[in-house]
>>> print(open('protein19.txt').read())   # compact mmCIF, C-alpha atoms
# COMPACT_ATOMS: atom_id res chain seq x y z
CA MET A 1444 0.00 0.00 0.00
CA ARG A 1445 1.32 3.39 -1.10
CA TYR A 1446 0.65 6.73 0.62
CA GLU A 1447 0.55 10.07 -1.18
CA ALA A 1448 -0.27 13.51 0.18
CA PRO A 1449 -0.72 15.73 -2.89
CA LYS A 1450 -0.80 19.51 -2.48
CA THR A 1451 -3.23 20.27 -5.29
CA LEU A 1452 -6.60 18.93 -6.40
CA GLU A 1453 -5.17 18.22 -9.87
CA GLU A 1454 -2.49 15.93 -8.42
CA ALA A 1455 -5.07 14.19 -6.23
CA ILE A 1456 -7.36 13.56 -9.23
CA ALA A 1457 -4.44 12.23 -11.29
CA LEU A 1458 -3.50 9.82 -8.50
CA LEU A 1459 -7.08 8.63 -7.99
CA SER A 1460 -7.90 8.17 -11.66
CA GLY A 1461 -4.59 6.43 -12.37
CA ALA A 1462 -5.13 3.77 -9.71
CA ASN A 1463 -7.77 1.65 -11.48
CA GLY A 1464 -10.17 1.82 -8.57
CA GLN A 1465 -7.55 0.63 -6.09
CA ALA A 1466 -7.19 4.03 -4.43
CA ARG A 1467 -9.05 5.42 -1.44
CA VAL A 1468 -9.24 9.03 -0.34
CA LEU A 1469 -7.91 9.50 3.19
CA ALA A 1470 -9.43 12.46 5.02
CA GLY A 1471 -9.98 12.02 8.78
CA GLY A 1472 -9.62 8.25 8.51
CA THR A 1473 -12.18 7.58 11.26
CA ASP A 1474 -14.15 5.26 8.97
CA LEU A 1475 -11.43 4.19 6.51
CA LEU A 1476 -8.90 3.00 9.10
CA ILE A 1477 -11.56 0.86 10.76
CA GLN A 1478 -12.52 -0.63 7.38
CA MET A 1479 -8.84 -1.38 6.67
CA ARG A 1480 -8.36 -2.94 10.09
CA SER A 1481 -11.37 -5.23 9.68
CA GLY A 1482 -10.37 -6.20 6.13
CA ARG A 1483 -13.42 -4.57 4.52
CA ALA A 1484 -11.08 -2.21 2.65
CA ASP A 1485 -7.70 -3.12 1.22
CA PRO A 1486 -6.61 -0.18 -0.93
CA GLY A 1487 -3.39 -0.20 -2.95
CA LEU A 1488 -3.05 3.58 -2.68
CA LEU A 1489 -4.10 6.09 -0.03
CA VAL A 1490 -4.52 9.67 -1.24
CA ASP A 1491 -4.35 11.95 1.80
CA ILE A 1492 -6.18 15.13 0.81
CA LYS A 1493 -5.42 17.17 3.93
CA ALA A 1494 -2.46 19.02 2.36
CA ILE A 1495 -4.74 20.59 -0.28
CA PRO A 1496 -5.57 24.13 0.91
CA GLU A 1497 -8.99 24.32 -0.81
CA MET A 1498 -10.12 21.21 1.04
CA LYS A 1499 -9.11 22.52 4.48
CA SER A 1500 -10.57 26.03 4.34
CA ILE A 1501 -13.80 27.66 5.52
CA VAL A 1502 -14.45 30.68 3.28
CA ALA A 1503 -17.23 33.16 4.01
CA ASP A 1504 -18.29 35.31 1.05
CA ALA A 1505 -21.03 37.90 1.57
CA GLY A 1506 -23.05 35.52 3.73
CA SER A 1507 -22.49 32.33 1.76
CA TYR A 1508 -19.96 29.71 2.79
CA ARG A 1509 -17.61 27.34 1.01
CA ILE A 1510 -16.52 24.56 3.36
CA GLY A 1511 -13.62 22.36 2.30
CA ALA A 1512 -14.49 18.66 2.38
CA ALA A 1513 -11.54 17.91 4.70
CA VAL A 1514 -12.62 20.45 7.33
CA THR A 1515 -13.08 18.59 10.60
CA CYS A 1516 -16.13 18.63 12.84
CA MET A 1517 -14.17 20.45 15.56
CA GLU A 1518 -13.03 23.14 13.11
CA LEU A 1519 -16.67 23.80 12.20
CA ILE A 1520 -17.81 23.77 15.84
CA GLU A 1521 -15.05 26.22 16.82
CA ASN A 1522 -15.76 28.62 13.93
CA GLU A 1523 -18.04 31.03 15.80
CA ALA A 1524 -19.36 32.87 12.75
CA PHE A 1525 -20.26 29.60 11.05
CA ALA A 1526 -21.83 28.19 14.19
CA GLN A 1527 -24.01 31.29 14.46
CA GLY A 1528 -24.96 31.18 10.80
CA TRP A 1529 -25.74 27.47 10.58
CA PRO A 1530 -26.45 26.18 14.09
CA GLY A 1531 -28.33 23.16 12.73
CA ILE A 1532 -25.27 21.93 10.82
CA VAL A 1533 -23.22 22.42 13.97
CA ASP A 1534 -25.90 20.43 15.90
CA GLY A 1535 -25.22 17.60 13.45
CA VAL A 1536 -21.41 17.63 13.45
CA SER A 1537 -21.38 18.00 17.25
CA LEU A 1538 -23.03 14.59 17.54
CA ILE A 1539 -20.48 12.69 15.43
CA GLY A 1540 -18.50 10.53 17.87
CA SER A 1541 -16.25 11.71 20.67
CA ILE A 1542 -14.14 14.87 20.87
CA GLN A 1543 -11.27 12.67 19.62
CA VAL A 1544 -13.27 11.50 16.61
CA LYS A 1545 -14.57 15.02 15.90
CA GLY A 1546 -10.98 16.27 15.88
CA ARG A 1547 -10.31 14.08 12.84
CA ALA A 1548 -13.63 13.25 11.18
CA THR A 1549 -14.46 15.51 8.25
CA ILE A 1550 -17.65 16.90 6.78
CA GLY A 1551 -16.80 15.37 3.39
CA GLY A 1552 -16.04 12.00 4.94
CA ASN A 1553 -19.35 11.91 6.78
CA LEU A 1554 -21.13 12.32 3.43
CA CYS A 1555 -18.89 9.99 1.39
CA ASN A 1556 -19.07 7.18 3.97
CA ALA A 1557 -22.74 7.17 2.94
CA SER A 1558 -24.21 5.88 6.17
CA PRO A 1559 -28.01 6.38 6.24
CA ALA A 1560 -27.51 7.56 9.85
CA ALA A 1561 -24.75 10.16 9.18
CA ASP A 1562 -25.52 13.06 11.52
CA SER A 1563 -24.32 15.96 9.37
CA VAL A 1564 -26.18 14.91 6.24
CA PRO A 1565 -29.82 15.75 7.11
CA ALA A 1566 -28.71 19.19 8.30
CA LEU A 1567 -26.77 19.77 5.05
CA ILE A 1568 -29.78 18.67 3.01
CA ALA A 1569 -32.11 20.95 4.97
CA ALA A 1570 -29.62 23.78 4.45
CA GLY A 1571 -29.77 23.30 0.68
CA ALA A 1572 -26.04 22.61 0.56
CA VAL A 1573 -24.41 21.88 -2.78
CA VAL A 1574 -21.56 19.37 -3.13
CA CYS A 1575 -18.67 20.47 -5.37
CA ILE A 1576 -17.15 17.44 -7.05
CA VAL A 1577 -13.85 17.45 -8.93
CA GLY A 1578 -12.71 14.73 -11.30
CA PRO A 1579 -10.84 13.98 -14.50
CA GLN A 1580 -13.65 15.65 -16.52
CA GLY A 1581 -13.50 18.84 -14.45
CA ARG A 1582 -15.89 20.19 -11.85
CA ARG A 1583 -19.55 19.44 -11.30
CA GLU A 1584 -22.06 20.22 -8.61
CA ALA A 1585 -24.78 18.11 -7.02
CA LEU A 1586 -27.36 18.60 -4.29
CA VAL A 1587 -26.46 16.74 -1.10
CA GLU A 1588 -29.75 14.80 -1.22
CA GLU A 1589 -28.84 13.43 -4.67
CA PHE A 1590 -25.26 12.46 -3.84
CA VAL A 1591 -25.72 9.27 -1.81
CA SER A 1592 -27.30 6.41 -3.76
CA GLY A 1593 -27.63 3.86 -0.94
CA PRO A 1594 -25.90 2.54 2.18
CA GLY A 1595 -22.13 2.89 1.54
CA LYS A 1596 -22.73 4.02 -2.07
CA THR A 1597 -22.28 7.43 -3.65
CA SER A 1598 -22.62 8.87 -7.15
CA LEU A 1599 -18.86 9.57 -7.37
CA ALA A 1600 -17.33 8.24 -10.58
CA ASN A 1601 -13.82 6.76 -10.74
CA GLY A 1602 -11.24 9.48 -10.11
CA GLU A 1603 -13.73 11.94 -8.62
CA LEU A 1604 -13.68 13.37 -5.13
CA VAL A 1605 -15.76 15.79 -3.09
CA ALA A 1606 -13.80 19.04 -2.83
CA SER A 1607 -16.16 21.30 -0.91
CA PHE A 1608 -19.68 22.25 0.09
CA LEU A 1609 -21.45 25.47 -0.83
CA LEU A 1610 -23.97 26.94 1.57
CA PRO A 1611 -26.28 29.67 0.29
CA ARG A 1612 -26.61 33.11 1.81
CA ARG A 1613 -29.31 33.15 4.49
CA ALA A 1614 -32.38 35.31 4.36
CA PRO A 1615 -33.19 37.34 7.50
CA HIS A 1616 -35.09 35.45 10.23
CA SER A 1617 -33.76 32.05 9.21
CA GLY A 1618 -32.96 29.22 11.58
CA ASP A 1619 -32.06 25.56 11.40
CA ALA A 1620 -31.78 22.66 13.83
CA TYR A 1621 -30.91 18.96 13.87
CA LEU A 1622 -32.01 16.45 16.49
CA ARG A 1623 -31.54 12.74 16.72
CA PHE A 1624 -32.85 9.97 18.90
CA THR A 1625 -30.24 7.73 20.52
CA PRO A 1626 -30.31 5.65 23.73
CA ARG A 1627 -27.05 7.31 24.87
CA THR A 1628 -26.59 11.07 24.49
CA GLU A 1629 -22.99 10.78 23.23
CA MET A 1630 -21.04 8.17 21.24
CA ASP A 1631 -24.08 6.62 19.62
CA ILE A 1632 -25.58 6.19 16.16
CA ALA A 1633 -28.86 7.86 15.21
CA VAL A 1634 -31.97 5.69 15.40
CA VAL A 1635 -33.75 8.61 13.77
CA GLY A 1636 -32.41 12.05 12.83
CA ALA A 1637 -34.40 15.11 11.74
CA ALA A 1638 -33.26 18.48 10.40
CA VAL A 1639 -35.40 21.54 9.75
CA ASN A 1640 -34.29 24.79 8.10
CA LEU A 1641 -36.82 27.59 7.77
CA THR A 1642 -37.27 31.29 7.12
CA LEU A 1643 -39.91 33.55 8.68
CA ASP A 1644 -41.19 36.71 7.00
CA ASP A 1645 -41.60 40.08 8.78
CA LYS A 1646 -44.95 38.96 10.17
CA GLY A 1647 -43.56 35.70 11.57
CA ILE A 1648 -45.09 33.54 8.84
CA CYS A 1649 -42.92 30.69 7.56
CA SER A 1650 -42.04 31.57 3.98
CA ARG A 1651 -39.52 28.82 3.21
CA ALA A 1652 -38.71 25.48 4.78
CA ARG A 1653 -36.71 22.35 4.09
CA VAL A 1654 -37.03 19.19 6.15
CA SER A 1655 -34.72 16.18 6.03
CA LEU A 1656 -34.78 12.85 7.86
CA GLY A 1657 -31.90 10.46 8.56
CA ALA A 1658 -31.75 6.76 9.49
CA VAL A 1659 -35.31 6.09 8.29
CA ALA A 1660 -34.48 4.97 4.74
CA ALA A 1661 -31.55 3.72 2.66
CA ARG A 1662 -30.29 7.30 2.52
CA ALA A 1663 -31.14 10.61 4.16
CA LEU A 1664 -34.38 11.98 2.71
CA LEU A 1665 -35.54 15.43 1.71
CA VAL A 1666 -39.23 15.55 2.67
CA PRO A 1667 -41.00 18.36 0.75
CA GLU A 1668 -44.43 17.32 2.14
CA ALA A 1669 -43.19 17.99 5.65
CA ALA A 1670 -41.81 21.38 4.62
CA ALA A 1671 -45.13 22.22 2.94
CA ALA A 1672 -46.89 21.69 6.28
CA LEU A 1673 -44.91 24.63 7.71
CA ILE A 1674 -44.94 27.09 4.81
CA GLY A 1675 -47.63 29.78 5.16
CA THR A 1676 -48.11 29.10 8.88
CA ARG A 1677 -46.81 30.62 12.12
CA VAL A 1678 -45.34 27.19 12.89
CA ASP A 1679 -48.17 26.72 15.38
CA GLU A 1680 -49.43 23.50 16.96
CA ALA A 1681 -51.60 22.56 14.00
CA ALA A 1682 -48.73 23.05 11.55
CA LEU A 1683 -46.37 21.04 13.73
CA GLU A 1684 -48.95 18.27 13.92
CA ARG A 1685 -49.16 18.13 10.10
CA LEU A 1686 -45.35 18.28 9.86
CA ALA A 1687 -45.02 15.29 12.20
CA ALA A 1688 -47.58 13.28 10.23
CA ALA A 1689 -45.86 14.08 6.91
CA ALA A 1690 -42.44 13.16 8.34
CA SER A 1691 -43.71 9.83 9.66
CA ALA A 1692 -45.42 9.10 6.33
CA ALA A 1693 -42.14 9.62 4.42
CA CYS A 1694 -40.18 7.01 6.41
CA ARG A 1695 -39.11 3.75 4.77
CA PRO A 1696 -37.10 2.31 7.65
CA ILE A 1697 -35.69 -1.12 8.45
CA ASP A 1698 -35.94 -3.07 11.69
CA ASP A 1699 -32.56 -3.44 13.36
CA LYS A 1700 -31.00 -3.69 16.81
CA ARG A 1701 -31.33 0.06 17.32
CA GLY A 1702 -35.03 0.31 16.60
CA THR A 1703 -38.04 -1.21 14.90
CA LYS A 1704 -39.77 0.19 11.83
CA ASP A 1705 -42.80 1.29 13.83
CA PHE A 1706 -40.66 2.99 16.44
CA ARG A 1707 -38.64 4.86 13.82
CA ILE A 1708 -41.79 6.00 11.98
CA LYS A 1709 -43.31 7.39 15.17
CA VAL A 1710 -40.11 8.98 16.47
CA ALA A 1711 -39.35 10.63 13.09
CA GLY A 1712 -42.48 12.73 13.56
CA VAL A 1713 -41.52 13.64 17.11
CA MET A 1714 -37.96 14.59 16.18
CA ALA A 1715 -39.08 16.64 13.16
CA ARG A 1716 -41.57 18.52 15.29
CA ARG A 1717 -39.04 19.30 18.02
CA ALA A 1718 -36.38 20.31 15.47
CA ALA A 1719 -38.91 22.65 13.84
CA GLY A 1720 -39.56 24.22 17.24
CA ILE A 1721 -35.85 24.89 17.80
CA ALA A 1722 -35.35 26.16 14.24
CA THR A 1723 -38.28 28.55 14.69
CA GLU A 1724 -36.91 29.91 17.97
CA ARG A 1725 -33.53 30.46 16.31
CA ALA A 1726 -35.16 32.19 13.33
CA ARG A 1727 -37.10 34.54 15.66
CA ARG A 1728 -33.92 35.54 17.46
CA ARG A 1729 -32.09 36.42 14.25
CA ASN A 1730 -32.35 39.67 12.34
CA MET B 1039 7.62 -3.38 1.24
CA ALA B 1040 9.09 0.10 1.15
CA LEU B 1041 8.94 1.75 4.54
CA ASN B 1042 7.99 5.38 5.04
CA HIS B 1043 10.42 7.69 6.80
CA VAL B 1044 8.72 10.05 9.25
CA SER B 1045 10.14 13.04 11.17
CA ALA B 1046 8.01 14.49 13.94
CA THR B 1047 8.22 16.09 17.37
CA VAL B 1048 7.12 14.03 20.36
CA ASN B 1049 6.84 15.78 23.72
CA GLY B 1050 9.18 18.47 22.44
CA ASP B 1051 11.87 16.07 21.16
CA ARG B 1052 12.62 15.65 17.48
CA VAL B 1053 12.12 11.98 16.51
CA GLU B 1054 12.50 9.95 13.34
CA PHE B 1055 11.10 6.52 12.62
CA LEU B 1056 10.25 4.12 9.82
CA CYS B 1057 6.75 2.74 9.37
CA GLU B 1058 4.65 0.68 7.02
CA THR B 1059 1.88 2.66 5.34
CA GLY B 1060 -0.85 0.76 7.19
CA HIS B 1061 0.65 1.27 10.62
CA THR B 1062 -1.15 3.57 13.01
CA LEU B 1063 0.40 6.38 15.02
CA LEU B 1064 -0.36 4.26 18.09
CA GLU B 1065 1.78 1.41 16.73
CA ALA B 1066 4.62 3.79 15.92
CA LEU B 1067 4.53 5.37 19.38
CA ARG B 1068 4.51 2.04 21.18
CA ASP B 1069 6.54 -0.25 18.93
CA GLU B 1070 9.01 2.09 17.21
CA LEU B 1071 9.48 4.86 19.76
CA ARG B 1072 8.86 2.61 22.79
CA LEU B 1073 6.52 5.13 24.35
CA THR B 1074 4.21 2.53 25.85
CA GLY B 1075 2.27 4.90 28.11
CA THR B 1076 -0.30 5.31 25.35
CA LYS B 1077 -2.56 2.24 25.50
CA GLU B 1078 -4.56 0.33 22.95
CA GLY B 1079 -8.09 -0.50 24.02
CA CYS B 1080 -10.55 -1.10 21.20
CA GLY B 1081 -8.49 -0.05 18.17
CA THR B 1082 -11.62 1.44 16.60
CA GLY B 1083 -11.86 4.91 18.17
CA ASP B 1084 -14.54 4.01 20.70
CA CYS B 1085 -12.63 3.86 24.00
CA GLY B 1086 -10.13 6.73 23.96
CA ALA B 1087 -7.33 4.78 25.69
CA CYS B 1088 -4.92 5.77 22.89
CA SER B 1089 -5.71 9.52 23.10
CA VAL B 1090 -2.85 11.85 22.20
CA ILE B 1091 -2.66 15.50 21.15
CA VAL B 1092 -1.42 16.22 17.62
CA ASP B 1093 -0.79 19.87 16.70
CA GLY B 1094 -3.05 20.87 19.58
CA ARG B 1095 -5.87 18.53 18.57
CA LEU B 1096 -7.06 15.67 20.79
CA LEU B 1097 -7.45 12.46 18.79
CA CYS B 1098 -7.28 8.67 18.95
CA SER B 1099 -3.83 7.52 17.82
CA CYS B 1100 -5.39 4.24 16.61
CA LEU B 1101 -7.32 6.24 13.98
CA MET B 1102 -4.34 8.13 12.55
CA LEU B 1103 -1.68 6.60 10.33
CA ALA B 1104 1.92 6.94 11.50
CA VAL B 1105 2.87 8.29 8.07
CA GLU B 1106 0.46 11.19 8.61
CA ALA B 1107 2.58 12.34 11.57
CA GLU B 1108 5.25 13.81 9.26
CA GLY B 1109 6.11 17.30 10.54
CA LYS B 1110 3.55 17.13 13.34
CA SER B 1111 3.96 17.90 17.03
CA ILE B 1112 2.66 15.09 19.24
CA GLN B 1113 2.04 15.13 22.98
CA THR B 1114 1.71 11.85 24.87
CA ILE B 1115 1.33 10.93 28.53
CA GLU B 1116 5.14 10.62 28.82
CA GLY B 1117 5.39 14.39 28.38
CA MET B 1118 2.83 15.31 31.00
CA ALA B 1119 4.97 15.36 34.15
CA THR B 1120 7.94 17.74 34.39
CA GLY B 1121 10.79 15.52 35.54
CA GLU B 1122 9.74 14.11 38.91
CA SER B 1123 7.03 16.70 39.32
CA LEU B 1124 3.59 15.40 38.36
CA HIS B 1125 1.07 17.50 36.43
CA PRO B 1126 -1.77 18.69 38.73
CA LEU B 1127 -4.16 16.35 36.91
CA GLN B 1128 -1.89 13.39 37.65
CA ARG B 1129 -1.64 14.36 41.33
CA LYS B 1130 -5.39 14.81 41.65
CA PHE B 1131 -6.05 11.42 40.03
CA ILE B 1132 -3.91 9.85 42.77
CA GLU B 1133 -5.49 11.92 45.56
CA HIS B 1134 -9.02 11.08 44.43
CA ALA B 1135 -8.19 7.42 43.65
CA ALA B 1136 -9.51 8.10 40.17
CA LEU B 1137 -7.94 4.98 38.72
CA GLN B 1138 -7.97 1.29 39.37
CA CYS B 1139 -6.42 -0.92 36.67
CA GLY B 1140 -5.00 2.16 34.94
CA ILE B 1141 -5.45 1.22 31.29
CA CYS B 1142 -7.76 4.12 30.56
CA THR B 1143 -5.81 6.59 32.71
CA PRO B 1144 -3.21 7.93 30.24
CA GLY B 1145 -5.92 8.61 27.66
CA ILE B 1146 -8.19 10.26 30.20
CA LEU B 1147 -5.37 12.45 31.53
CA ILE B 1148 -4.48 13.58 28.00
CA ALA B 1149 -8.15 14.25 27.18
CA ALA B 1150 -8.65 16.15 30.44
CA ARG B 1151 -5.56 18.25 29.82
CA SER B 1152 -6.87 19.12 26.38
CA LEU B 1153 -10.15 20.24 27.98
CA LEU B 1154 -8.45 22.39 30.63
CA GLU B 1155 -6.29 24.05 27.97
CA ARG B 1156 -9.50 25.26 26.32
CA ASN B 1157 -11.68 25.80 29.35
CA GLN B 1158 -10.10 26.59 32.71
CA ASN B 1159 -13.39 26.42 34.56
CA PRO B 1160 -15.50 23.59 33.16
CA THR B 1161 -18.77 22.52 34.75
CA GLU B 1162 -19.25 18.90 35.78
CA SER B 1163 -21.47 18.46 32.77
CA GLU B 1164 -18.81 19.86 30.42
CA VAL B 1165 -16.22 17.47 31.88
CA ARG B 1166 -18.55 14.51 31.39
CA TYR B 1167 -19.33 15.46 27.78
CA TRP B 1168 -15.67 16.11 26.94
CA LEU B 1169 -14.67 12.72 28.38
CA ALA B 1170 -17.56 10.81 26.75
CA GLY B 1171 -15.07 9.24 24.34
CA ASN B 1172 -12.95 7.79 27.16
CA LEU B 1173 -14.22 4.55 28.62
CA CYS B 1174 -13.25 3.22 32.06
CA ARG B 1175 -14.43 -0.23 32.99
CA CYS B 1176 -13.38 -0.45 36.61
CA THR B 1177 -13.36 2.69 38.74
CA GLY B 1178 -16.39 4.37 37.30
CA TYR B 1179 -16.51 7.96 36.26
CA HIS B 1180 -17.42 9.87 39.40
CA LYS B 1181 -13.94 10.01 40.92
CA ILE B 1182 -12.42 10.83 37.54
CA VAL B 1183 -14.76 13.78 37.09
CA GLU B 1184 -14.08 14.97 40.66
CA ALA B 1185 -10.34 14.74 40.10
CA VAL B 1186 -10.57 16.78 36.88
CA LEU B 1187 -12.70 19.46 38.56
CA ASP B 1188 -10.33 19.60 41.54
CA ALA B 1189 -7.28 19.89 39.26
CA ALA B 1190 -9.00 22.69 37.34
CA ARG B 1191 -9.67 24.49 40.62
CA GLU B 1192 -6.03 24.19 41.70
CA MET B 1193 -4.74 25.27 38.29
CA ARG B 1194 -6.94 28.38 38.41
CA GLY B 1195 -5.21 29.20 41.67
CA GLY B 1196 -8.27 28.57 43.84
>>> encode(input="protein19.txt", output="structure tokens")
Amino acid sequence: MRYEAPKTLEEAIALLSGANGQARVLAGGTDLLIQMRSGRADPGLLVDIKAIPEMKSIVADAGSYRIGAAVTCMELIENEAFAQGWPGIVDGVSLIGSIQVKGRATIGGNLCNASPAADSVPALIAAGAVVCIVGPQGRREALVEEFVSGPGKTSLANGELVASFLLPRRAPHSGDAYLRFTPRTEMDIAVVGAAVNLTLDDKGICSRARVSLGAVAARALLVPEAAAALIGTRVDEAALERLAAAASAACRPIDDKRGTKDFRIKVAGVMARRAAGIATERARRRN
Amino acid sequence: MALNHVSATVNGDRVEFLCETGHTLLEALRDELRLTGTKEGCGTGDCGACSVIVDGRLLCSCLMLAVEAEGKSIQTIEGMATGESLHPLQRKFIEHAALQCGICTPGILIAARSLLERNQNPTESEVRYWLAGNLCRCTGYHKIVEAVLDAAREMRGG
């Protein structure tokens, strides 16, 4: 096994596309090293992308953000301006493993590992984040909700990698939140996750909303029906009730050791409703 | 297999070692540099026994490749005391009997130091959350948390 730490995206792409599928991208390594240790991954080449400046930077530009794919959870949590702008995304990354794991695990890795229960992904989907992908054919963009195709599977072609995420400028009175259900508050994997991102108009009416659910289907879901339940309302009890019903109706979960289908369907509604409450509070506090 | 040559700083000392690409930083610390204070528990980032600080960042050395340590500054438990003089956290762990078998202790001390470097006055709840990635299977957590809070108090000069 060879190790390379290229300093530019072009070099990284050349290494990846020249390796006939035998290469793996090494970012934080918190999933890859475990796969290598258990024998599930046996790459011939590791391409460490952490020496590429574009992949390690958080760039704010007139209210929008470009987050390098190799930015760690802790770097996002500690970036006060980002944490104020996108508290729901920070809710998500704050729940990924221990402090030790968060010090290494990256936002791009959480997406590319393609776990249906990845904690940052519903919040990124709710935020309307765009994935910037670079490969031998150049650059392309995709919505986060379209990137993962199933458990452990992404739409990356051979030689491609995720370079960064783009987050849009926020309208005034916008707020987001992510909540998950787990038996233990830390160091656990979501049984259900729910993210809500919404905007209120000057009269306190919800003008825009996006709702995403994790761990209730083969990949994190964008649920437009749940968002529609909020739009045009004051996010009152009746709206939250309809949101919860729409969220539960969108679930296509499996039974596993962490929860049954029925439990996940019910809890998805509860989590979505509570996340909407937090997002609304945050939106009201913001100018 | 070609070995990788790595230069790094460990506890302030310049070190060089050779490693296979698949070897973890934990393996290099223990087997190449003979710094066996850092322990292996699970090997999968769940238990925190192998915690070290790399360029100021707390992490599990079982989840970092040794070859990634090139040019990095690493702090391990061996660098915590100053000569014969224990770090306040180490003294407080003894005073509070915050260890039993001791396997988790180096990792918990390193993690606690990393917390106190960022937050001189943590609440009990903040200590418990910060140490959530460090498992202890014999003493239990209460004495550990008390020892960390007491060390923080002493280090603040109270």
>>> closest_atom_pairs(input="protein19.txt", of="chain A", to="chain B", cutoff="9 Å", atoms="only C-alpha atoms", output="JSON lines")
{"residue": "A:Met1444", "atom": "CA", "partner": "B:Thr1059", "partner_atom": "CA", "distance": 6.3}
{"residue": "A:Arg1445", "atom": "CA", "partner": "B:Thr1059", "partner_atom": "CA", "distance": 6.5}
{"residue": "A:Tyr1446", "atom": "CA", "partner": "B:Thr1059", "partner_atom": "CA", "distance": 6.4}
{"residue": "A:Ala1448", "atom": "CA", "partner": "B:Glu1106", "partner_atom": "CA", "distance": 8.8}
{"residue": "A:Gly1471", "atom": "CA", "partner": "B:Met1102", "partner_atom": "CA", "distance": 7.8}
{"residue": "A:Gly1472", "atom": "CA", "partner": "B:Leu1101", "partner_atom": "CA", "distance": 6.3}
{"residue": "A:Thr1473", "atom": "CA", "partner": "B:Leu1101", "partner_atom": "CA", "distance": 5.7}
{"residue": "A:Asp1474", "atom": "CA", "partner": "B:Leu1101", "partner_atom": "CA", "distance": 8.5}
{"residue": "A:Leu1475", "atom": "CA", "partner": "B:Leu1101", "partner_atom": "CA", "distance": 8.8}
{"residue": "A:Leu1476", "atom": "CA", "partner": "B:Leu1101", "partner_atom": "CA", "distance": 6.1}
{"residue": "A:Ile1477", "atom": "CA", "partner": "B:Thr1082", "partner_atom": "CA", "distance": 5.9}
{"residue": "A:Met1479", "atom": "CA", "partner": "B:Gly1060", "partner_atom": "CA", "distance": 8.3}
{"residue": "A:Arg1480", "atom": "CA", "partner": "B:Thr1082", "partner_atom": "CA", "distance": 8.5}
{"residue": "A:Leu1489", "atom": "CA", "partner": "B:Thr1059", "partner_atom": "CA", "distance": 8.7}
{"residue": "A:Asp1491", "atom": "CA", "partner": "B:Glu1106", "partner_atom": "CA", "distance": 8.4}
{"residue": "A:Gly1540", "atom": "CA", "partner": "B:Gly1171", "partner_atom": "CA", "distance": 7.4}
{"residue": "A:Ser1541", "atom": "CA", "partner": "B:Gly1171", "partner_atom": "CA", "distance": 4.6}
{"residue": "A:Ile1542", "atom": "CA", "partner": "B:Trp1168", "partner_atom": "CA", "distance": 6.4}
{"residue": "A:Gln1543", "atom": "CA", "partner": "B:Leu1097", "partner_atom": "CA", "distance": 3.9}
{"residue": "A:Val1544", "atom": "CA", "partner": "B:Leu1097", "partner_atom": "CA", "distance": 6.3}
{"residue": "A:Lys1545", "atom": "CA", "partner": "B:Leu1097", "partner_atom": "CA", "distance": 8.1}
{"residue": "A:Gly1546", "atom": "CA", "partner": "B:Leu1097", "partner_atom": "CA", "distance": 6.0}
{"residue": "A:Arg1547", "atom": "CA", "partner": "B:Leu1097", "partner_atom": "CA", "distance": 6.8}
{"residue": "A:Glu1629", "atom": "CA", "partner": "B:Ala1170", "partner_atom": "CA", "distance": 6.5}
{"residue": "A:Met1630", "atom": "CA", "partner": "B:Gly1171", "partner_atom": "CA", "distance": 6.8}
>>> write_last_selection(input="protein19.txt", atoms="C-alpha atoms", output="JSON list (two decimals), keeping the file's coordinate frame")
[["chain", "number", "residue", "atom", "x", "y", "z"],
["A", 1444, "MET", "CA", 0.00, 0.00, 0.00],
["A", 1445, "ARG", "CA", 1.32, 3.39, -1.10],
["A", 1446, "TYR", "CA", 0.65, 6.73, 0.62],
["A", 1448, "ALA", "CA", -0.27, 13.51, 0.18],
["A", 1471, "GLY", "CA", -9.98, 12.02, 8.78],
["A", 1472, "GLY", "CA", -9.62, 8.25, 8.51],
["A", 1473, "THR", "CA", -12.18, 7.58, 11.26],
["A", 1474, "ASP", "CA", -14.15, 5.26, 8.97],
["A", 1475, "LEU", "CA", -11.43, 4.19, 6.51],
["A", 1476, "LEU", "CA", -8.90, 3.00, 9.10],
["A", 1477, "ILE", "CA", -11.56, 0.86, 10.76],
["A", 1479, "MET", "CA", -8.84, -1.38, 6.67],
["A", 1480, "ARG", "CA", -8.36, -2.94, 10.09],
["A", 1489, "LEU", "CA", -4.10, 6.09, -0.03],
["A", 1491, "ASP", "CA", -4.35, 11.95, 1.80],
["A", 1540, "GLY", "CA", -18.50, 10.53, 17.87],
["A", 1541, "SER", "CA", -16.25, 11.71, 20.67],
["A", 1542, "ILE", "CA", -14.14, 14.87, 20.87],
["A", 1543, "GLN", "CA", -11.27, 12.67, 19.62],
["A", 1544, "VAL", "CA", -13.27, 11.50, 16.61],
["A", 1545, "LYS", "CA", -14.57, 15.02, 15.90],
["A", 1546, "GLY", "CA", -10.98, 16.27, 15.88],
["A", 1547, "ARG", "CA", -10.31, 14.08, 12.84],
["A", 1629, "GLU", "CA", -22.99, 10.78, 23.23],
["A", 1630, "MET", "CA", -21.04, 8.17, 21.24]]
>>> atom_distance(input="protein19.txt", atom1="atom CA of Ala1087 of chain B", atom2="atom CA of Thr1114 of chain B")
11.5 Å
>>> closest_residue(input="protein19.txt", among="B:Ile1148, B:Cys1142, B:Ala1107, B:Leu1127", to="Leu1187 of chain B", atoms="all atoms listed in the file")
B:Leu1127
>>> atom_distance(input="protein19.txt", atom1="atom CA of Asn1640 of chain A", atom2="atom CA of Ser1598 of chain A")
24.9 Å
>>> closest_residue(input="protein19.txt", among="A:Ala1718, A:Val1634, A:Ala1524, A:Ile1576", to="Gly1511 of chain A", atoms="only C-alpha atoms")
A:Ile1576
